[in-house]
>>> print(open('data-v9.cif').read())   # mmCIF, C-alpha atoms
data_data
#
loop_
_atom_site.label_atom_id
_atom_site.label_comp_id
_atom_site.auth_asym_id
_atom_site.auth_seq_id
_atom_site.Cartn_x
_atom_site.Cartn_y
_atom_site.Cartn_z
CA MET A 756 9.76 12.80 22.96
CA HIS A 757 13.14 11.60 21.81
CA GLU A 758 14.66 11.15 18.41
CA TYR A 759 15.69 7.53 17.87
CA GLU A 760 17.32 5.54 15.18
CA ILE A 761 16.64 1.88 14.59
CA VAL A 762 18.46 -0.66 12.45
CA TYR A 763 16.57 -3.81 11.50
CA ILE A 764 18.19 -6.92 10.11
CA PHE A 765 15.66 -9.14 8.40
CA ARG A 766 16.14 -12.65 7.12
CA SER A 767 17.38 -12.30 3.55
CA SER A 768 14.94 -14.94 2.32
CA LEU A 769 12.05 -12.50 2.80
CA ALA A 770 10.60 -10.78 -0.24
CA SER A 771 10.77 -7.01 -0.22
CA GLU A 772 6.97 -6.79 0.02
CA GLU A 773 7.04 -8.92 3.16
CA ILE A 774 9.66 -6.64 4.69
CA ASP A 775 7.63 -3.57 3.80
CA GLY A 776 4.58 -5.16 5.39
CA LYS A 777 6.47 -5.93 8.58
CA LEU A 778 7.93 -2.44 8.75
CA GLU A 779 4.48 -1.01 8.34
CA SER A 780 3.09 -3.05 11.18
CA PHE A 781 6.03 -2.17 13.44
CA HIS A 782 5.79 1.51 12.67
CA ALA A 783 2.03 1.49 13.07
CA ARG A 784 2.61 0.58 16.70
CA LEU A 785 4.77 3.66 17.15
CA THR A 786 2.54 6.07 15.31
CA GLN A 787 -0.46 4.87 17.30
CA GLN A 788 1.00 6.61 20.32
CA THR A 789 2.17 10.06 19.26
CA GLY A 790 5.24 8.58 17.59
CA GLN A 791 6.44 9.77 14.23
CA ILE A 792 8.57 8.11 11.55
CA SER A 793 10.85 10.65 9.91
CA ALA A 794 12.98 8.52 7.57
CA VAL A 795 13.25 4.95 6.35
CA GLU A 796 16.29 3.81 4.44
CA HIS A 797 16.71 0.38 2.85
CA TRP A 798 20.29 -0.78 2.58
CA GLY A 799 19.21 -3.97 0.91
CA LYS A 800 20.81 -7.35 1.24
CA ARG A 801 24.34 -7.52 2.55
CA GLN A 802 26.61 -10.12 4.01
CA LEU A 803 26.70 -10.46 7.79
CA ALA A 804 30.10 -10.35 9.44
CA TYR A 805 29.17 -13.58 11.24
CA PRO A 806 26.21 -15.90 10.87
CA ILE A 807 23.12 -15.06 12.92
CA ASP A 808 20.62 -17.88 13.36
CA LYS A 809 22.43 -19.77 10.56
CA GLU A 810 21.84 -16.89 8.14
CA ARG A 811 24.85 -15.53 6.27
CA ASN A 812 23.08 -12.54 4.72
CA GLY A 813 20.63 -10.04 6.04
CA HIS A 814 18.36 -7.33 4.73
CA TYR A 815 19.21 -4.07 6.50
CA VAL A 816 16.72 -1.28 7.04
CA VAL A 817 17.49 1.92 8.94
CA ALA A 818 14.75 4.21 10.21
CA GLN A 819 14.55 7.35 12.26
CA PHE A 820 11.62 8.09 14.46
CA GLU A 821 10.39 10.21 17.32
CA ALA A 822 8.69 8.53 20.23
CA GLU A 823 8.03 8.68 23.93
CA PRO A 824 10.62 6.66 25.83
CA ALA A 825 7.78 4.94 27.68
CA SER A 826 6.42 3.52 24.43
CA LEU A 827 9.63 1.69 23.56
CA PRO A 828 9.35 -1.42 25.75
CA GLU A 829 6.10 -2.34 24.08
CA PHE A 830 7.57 -1.65 20.66
CA GLU A 831 10.58 -3.83 21.43
CA ARG A 832 8.36 -6.64 22.63
CA LEU A 833 6.67 -6.60 19.25
CA LEU A 834 10.05 -6.74 17.51
CA LYS A 835 11.25 -9.66 19.61
CA LEU A 836 8.20 -11.69 18.69
CA ASP A 837 9.10 -11.59 15.02
CA GLU A 838 11.15 -14.63 14.04
CA ASP A 839 12.16 -13.13 10.70
CA LEU A 840 13.75 -10.11 12.34
CA LEU A 841 17.22 -11.42 13.02
CA ARG A 842 18.29 -8.41 15.02
CA TYR A 843 17.45 -4.81 15.74
CA LEU A 844 19.22 -1.94 17.44
CA ILE A 845 17.54 1.17 18.79
CA VAL A 846 19.84 4.07 19.66
CA LEU A 847 19.31 7.75 20.28
CA SER A 848 19.67 9.48 16.95
CA GLU A 849 22.78 11.54 16.50
CA GLY A 850 20.98 13.86 14.17
CA GLU A 851 22.45 12.49 10.96
CA LEU A 852 20.23 10.91 8.40
CA PRO A 853 20.72 7.20 7.84
CA LEU A 854 23.41 6.74 5.26
CA PRO A 855 21.92 5.57 1.99
CA PRO A 856 23.90 2.90 0.15
CA SER A 857 24.93 5.38 -2.54
CA MET A 858 26.45 7.73 0.01
CA ARG A 859 28.20 4.86 1.65
CA THR A 860 30.05 4.04 -1.54
CA ASP A 861 31.01 7.70 -1.90
CA MET A 862 32.42 7.73 1.58
CA ARG A 863 34.32 4.60 0.85
CA THR A 864 36.13 6.06 -2.15
CA GLU A 865 36.76 9.22 -0.17
CA THR A 866 38.35 7.45 2.73
CA VAL A 867 40.36 5.22 0.45
CA ARG A 868 41.70 8.22 -1.41
CA GLY A 869 42.45 10.14 1.76
CA GLU A 870 44.04 7.29 3.68
CA ARG A 871 46.25 5.79 1.03
CA PRO A 872 49.42 7.48 2.28
CA ALA A 873 48.62 6.20 5.76
CA GLU A 874 48.58 2.57 4.74
CA PRO A 875 52.33 1.94 4.75
CA GLY A 876 52.37 3.26 8.31
CA PRO A 877 49.80 5.13 10.40
CA ASP A 878 52.23 7.93 11.10
CA ALA A 879 53.03 8.72 7.49
CA GLU A 880 49.70 10.44 6.91
CA PRO A 881 49.97 13.63 8.95
CA LYS A 882 53.43 14.31 7.60
CA SER A 883 52.56 13.91 3.95
CA ASP A 884 49.45 16.02 4.36
CA THR A 885 51.06 18.94 6.07
CA GLU A 886 54.11 18.96 3.88
CA ALA A 887 52.42 18.52 0.54
CA GLU A 888 49.85 21.24 1.01
CA PRO A 889 52.00 24.26 1.82
CA GLU A 890 54.19 23.67 -1.20
CA PRO A 891 51.88 25.08 -3.88
CA GLU A 892 50.92 27.98 -1.63
CA THR A 893 54.42 29.20 -0.98
CA GLU A 894 55.32 29.13 -4.64
CA PRO A 895 54.12 32.30 -6.33
CA GLU A 896 54.30 31.18 -9.96
CA PRO A 897 51.74 28.77 -11.37
CA GLY A 898 54.40 27.19 -13.55
CA SER A 899 56.44 26.10 -10.58
CA GLU A 900 53.41 24.37 -9.08
CA ALA A 901 53.09 22.11 -12.04
CA GLU A 902 56.70 21.13 -11.74
CA ALA A 903 56.75 20.57 -8.02
CA GLU A 904 53.46 18.74 -7.63
CA PRO A 905 54.13 15.55 -9.59
CA GLU A 906 57.30 15.00 -7.64
CA ALA A 907 55.65 15.63 -4.31
CA GLU A 908 52.83 13.26 -5.13
CA ALA A 909 54.97 10.49 -6.47
CA GLU A 910 57.39 10.34 -3.61
CA PRO A 911 55.13 9.51 -0.64
CA GLU A 912 53.81 6.53 -2.55
CA LEU A 913 57.16 5.17 -3.58
CA GLU A 914 59.17 5.87 -0.46
CA PRO A 915 57.01 6.85 2.48
CA GLU A 916 59.85 6.38 4.92
CA THR A 917 62.31 8.71 3.27
CA GLU A 918 59.89 11.46 2.38
CA VAL A 919 61.03 13.66 5.25
CA GLU A 920 64.54 13.85 3.90
CA SER A 921 63.88 13.78 0.19
CA GLU A 922 60.98 16.19 -0.08
CA PRO A 923 62.70 19.45 0.74
CA LYS A 924 65.33 18.84 -1.92
CA PRO A 925 63.05 18.67 -4.97
CA GLU A 926 61.14 21.60 -3.51
CA THR A 927 64.18 23.83 -3.69
CA GLY A 928 65.23 22.29 -7.00
CA PRO A 929 62.47 23.59 -9.29
CA GLU A 930 62.34 26.92 -7.48
CA SER A 931 65.99 27.68 -7.93
CA LYS A 932 65.80 26.66 -11.59
CA GLU A 933 63.02 29.11 -12.17
CA GLU A 934 64.86 31.90 -10.49
CA LYS A 935 67.74 31.39 -12.85
CA GLU A 936 65.45 31.47 -15.85
CA MET B 1205 59.32 3.29 10.93
CA VAL B 1206 60.11 6.18 13.22
CA MET B 1207 57.25 7.03 15.58
CA LEU B 1208 56.56 10.74 15.50
CA LYS B 1209 53.96 12.86 17.19
CA LYS B 1210 50.54 11.33 16.63
CA VAL B 1211 47.54 13.37 15.65
CA CYS B 1212 44.02 12.02 15.98
CA LYS B 1213 42.97 10.99 12.48
CA LEU B 1214 39.35 11.79 13.15
CA CYS B 1215 40.16 15.27 14.44
CA GLU B 1216 42.25 15.85 11.33
CA ARG B 1217 39.35 14.95 9.13
CA SER B 1218 37.04 16.99 11.38
CA ILE B 1219 34.67 14.11 12.04
CA ARG B 1220 32.56 15.24 14.98
CA GLN B 1221 30.60 12.09 15.62
CA VAL B 1222 31.72 8.56 14.79
CA ASN B 1223 28.88 6.65 13.19
CA TYR B 1224 28.47 2.97 13.97
CA LYS B 1225 27.12 2.38 10.44
CA ASP B 1226 30.39 3.41 8.79
CA GLU B 1227 32.07 0.06 9.17
CA HIS B 1228 34.74 0.95 6.63
CA LEU B 1229 36.01 3.77 8.82
CA LEU B 1230 35.73 1.64 11.95
CA SER B 1231 37.61 -1.25 10.39
CA ARG B 1232 40.75 0.89 10.56
CA PHE B 1233 40.53 0.98 14.33
CA VAL B 1234 40.50 -2.78 14.89
CA THR B 1235 43.25 -5.36 14.57
CA ASP B 1236 43.20 -8.01 11.85
CA ARG B 1237 41.55 -10.23 14.46
CA GLY B 1238 38.87 -7.68 15.14
CA LYS B 1239 40.01 -6.32 18.49
CA ILE B 1240 39.67 -2.62 19.18
CA LEU B 1241 43.04 -0.93 18.80
CA PRO B 1242 44.30 1.02 21.81
CA ARG B 1243 44.87 4.74 21.65
CA ARG B 1244 48.61 4.24 21.79
CA ALA B 1245 48.41 2.44 18.45
CA THR B 1246 46.05 4.78 16.62
CA GLY B 1247 46.85 8.09 18.27
CA SER B 1248 43.18 8.91 18.68
CA CYS B 1249 42.17 11.60 21.12
CA ALA B 1250 40.20 10.58 24.20
CA ARG B 1251 36.92 11.89 22.90
CA HIS B 1252 37.17 10.07 19.60
CA GLN B 1253 38.50 6.88 21.18
CA ARG B 1254 35.37 6.69 23.33
CA GLN B 1255 33.20 7.22 20.27
CA ILE B 1256 35.16 4.65 18.26
CA ALA B 1257 34.82 2.03 20.99
CA THR B 1258 31.07 2.51 21.29
CA ALA B 1259 30.61 2.56 17.54
CA ILE B 1260 32.62 -0.63 17.06
CA LYS B 1261 30.58 -2.42 19.71
CA ARG B 1262 27.35 -1.37 18.02
CA ALA B 1263 28.66 -2.34 14.62
CA ARG B 1264 29.61 -5.77 15.98
CA TYR B 1265 26.14 -6.31 17.33
CA LEU B 1266 24.72 -5.46 13.91
CA ALA B 1267 27.12 -7.89 12.20
CA LEU B 1268 28.76 -5.04 10.32
CA LEU B 1269 32.04 -5.93 12.00
CA PRO B 1270 33.06 -9.34 13.33
CA TYR B 1271 33.64 -9.98 17.01
CA ILE B 1272 36.51 -12.25 15.98
CA ARG B 1273 37.88 -12.44 12.49
CA ASP B 1274 39.27 -15.62 10.89
CA TYR B 1275 38.79 -17.77 13.96
CA GLN B 1276 38.77 -21.46 13.12
#
>>> encode(input="data-v9.cif", output="structure tokens")
Amino acid sequence: MHEYEIVYIFRSSLASEEIDGKLESFHARLTQQTGQISAVEHWGKRQLAYPIDKERNGHYVVAQFEAEPASLPEFERLLKLDEDLLRYLIVLSEGELPLPPSMRTDMRTETVRGERPAEPGPDAEPKSDTEAEPEPETEPEPGSEAEAEPEAEAEPELEPETEVESEPKPETGPESKEEKE
Amino acid sequence: MVMLKKVCKLCERSIRQVNYKDEHLLSRFVTDRGKILPRRATGSCARHQRQIATAIKRARYLALLPYIRDYQ
């Protein structure tokens, strides 16, 4: 038995009941022979990156299942017979659950937030990350953090190229002021 | 822009396995025409570059990423 993951792309003109019916019949073939469906995730309708069979949109469904490798050729034959299944992909599951659409949007915002400094140049990211983080740690007083942080955050966005030179200066600036106080 | 020592972005973010369904992540490893970027351009480590390449090819098959973008 192996753990597999399958992505179906159905014609977007199908009603959701029709898709459910097709999925049921596909999965029935697997469960007939010691197979087991562990998760089914509907992504819903989304635009295809290129037209398939003159369709511009497709209904994506991701499922995870366990099955004997020997049972797959027959299962795939069944899939190929279906004209409304634009495409399918069966791969060995990597253990992760299929990403639900909600999680996908979360990941999107996360990556966007994390990668923003990298956009002006791919090499700006590691620098800004490593330099910005130690700053609050090395400063013992919470007041100095508040002063140093806005400057450190604003600079990589405005001038990513000069951040190497300009960052150490404001770092020493607020610290020395506080020492005097 | 001065080229400095590259660190694999995926190692930095401690992504163990690149998922072919995350087309947003993968789109950062292709050119604006949709070609897979070489390691020398992205700084990816060997392990992640292999995963990226496989994932992009799967994502292309599933029409999550284009084989060629903006081709007239």
>>> resolve_selection(input="data-v9.cif", expression="the PyMOL selection byres ((chain B) within 6 of (chain A))", output="NGL selection string")
:B and (1267-1270)
>>> write_last_selection(input="data-v9.cif", atoms="C-alpha atoms", output="compact mmCIF listing (two decimals), in the frame of the given file")
# COMPACT_ATOMS: atom_id res chain seq x y z
CA ALA B 1267 27.12 -7.89 12.20
CA LEU B 1268 28.76 -5.04 10.32
CA LEU B 1269 32.04 -5.93 12.00
CA PRO B 1270 33.06 -9.34 13.33
>>> closest_residue(input="data-v9.cif", among="A:Ser767, A:Glu772, A:Arg784, A:Leu778", to="Glu810 of chain A", atoms="all atoms listed in the file")
A:Ser767
>>> resolve_selection(input="data-v9.cif", expression="the PyMOL selection byres ((chain B and resi 1211) around 6)", output="VMD selection string")
chain B and resid 1210 1212 1247
>>> resolve_selection(input="data-v9.cif", expression="the PyMOL selection byres ((chain B and resi 1215) around 12)", output="PDB file with C-alpha atoms, in the coordinates of the input")
ATOM      1  CA  PRO A 881      49.970  13.630   8.950  1.00  0.00           C
TER       2      PRO A 881
ATOM      3  CA  LYS B1210      50.540  11.330  16.630  1.00  0.00           C
ATOM      4  CA  VAL B1211      47.540  13.370  15.650  1.00  0.00           C
ATOM      5  CA  CYS B1212      44.020  12.020  15.980  1.00  0.00           C
ATOM      6  CA  LYS B1213      42.970  10.990  12.480  1.00  0.00           C
ATOM      7  CA  LEU B1214      39.350  11.790  13.150  1.00  0.00           C
ATOM      8  CA  GLU B1216      42.250  15.850  11.330  1.00  0.00           C
ATOM      9  CA  ARG B1217      39.350  14.950   9.130  1.00  0.00           C
ATOM     10  CA  SER B1218      37.040  16.990  11.380  1.00  0.00           C
ATOM     11  CA  ILE B1219      34.670  14.110  12.040  1.00  0.00           C
ATOM     12  CA  ARG B1220      32.560  15.240  14.980  1.00  0.00           C
ATOM     13  CA  GLN B1221      30.600  12.090  15.620  1.00  0.00           C
ATOM     14  CA  VAL B1222      31.720   8.560  14.790  1.00  0.00           C
ATOM     15  CA  GLY B1247      46.850   8.090  18.270  1.00  0.00           C
ATOM     16  CA  SER B1248      43.180   8.910  18.680  1.00  0.00           C
ATOM     17  CA  CYS B1249      42.170  11.600  21.120  1.00  0.00           C
ATOM     18  CA  ALA B1250      40.200  10.580  24.200  1.00  0.00           C
ATOM     19  CA  ARG B1251      36.920  11.890  22.900  1.00  0.00           C
ATOM     20  CA  HIS B1252      37.170  10.070  19.600  1.00  0.00           C
ATOM     21  CA  GLN B1253      38.500   6.880  21.180  1.00  0.00           C
TER      22      GLN B1253
END
>>> atom_distance(input="data-v9.cif", atom1="atom CA of Gly790 of chain A", atom2="atom CA of Ile774 of chain A")
20.4 Å
>>> atom_distance(input="data-v9.cif", atom1="atom CA of Leu1230 of chain B", atom2="atom CA of Ala1257 of chain B")
9.1 Å
>>> atom_distance(input="data-v9.cif", atom1="atom CA of Phe765 of chain A", atom2="atom CA of Ala818 of chain A")
13.5 Å
>>> residues_around(input="data-v9.cif", residues="Glu831 of chain A", least_positions_apart="5", cutoff="9 Å", atoms="all atoms listed in the file", output="compact mmCIF listing (two decimals) with C-alpha atoms, in the coordinates of the input")
# COMPACT_ATOMS: atom_id res chain seq x y z
CA SER A 826 6.42 3.52 24.43
CA LEU A 836 8.20 -11.69 18.69
CA TYR A 843 17.45 -4.81 15.74
CA ILE A 845 17.54 1.17 18.79
>>> residues_near_point(input="data-v9.cif", point="(40.2, -3.4, 15.1)", cutoff="12 Å", atoms="only C-alpha atoms", output="MDAnalysis selection string")
chainID B and resid 1227:1243 1245:1246 1256:1257 1259:1261 1263:1264 1269:1273
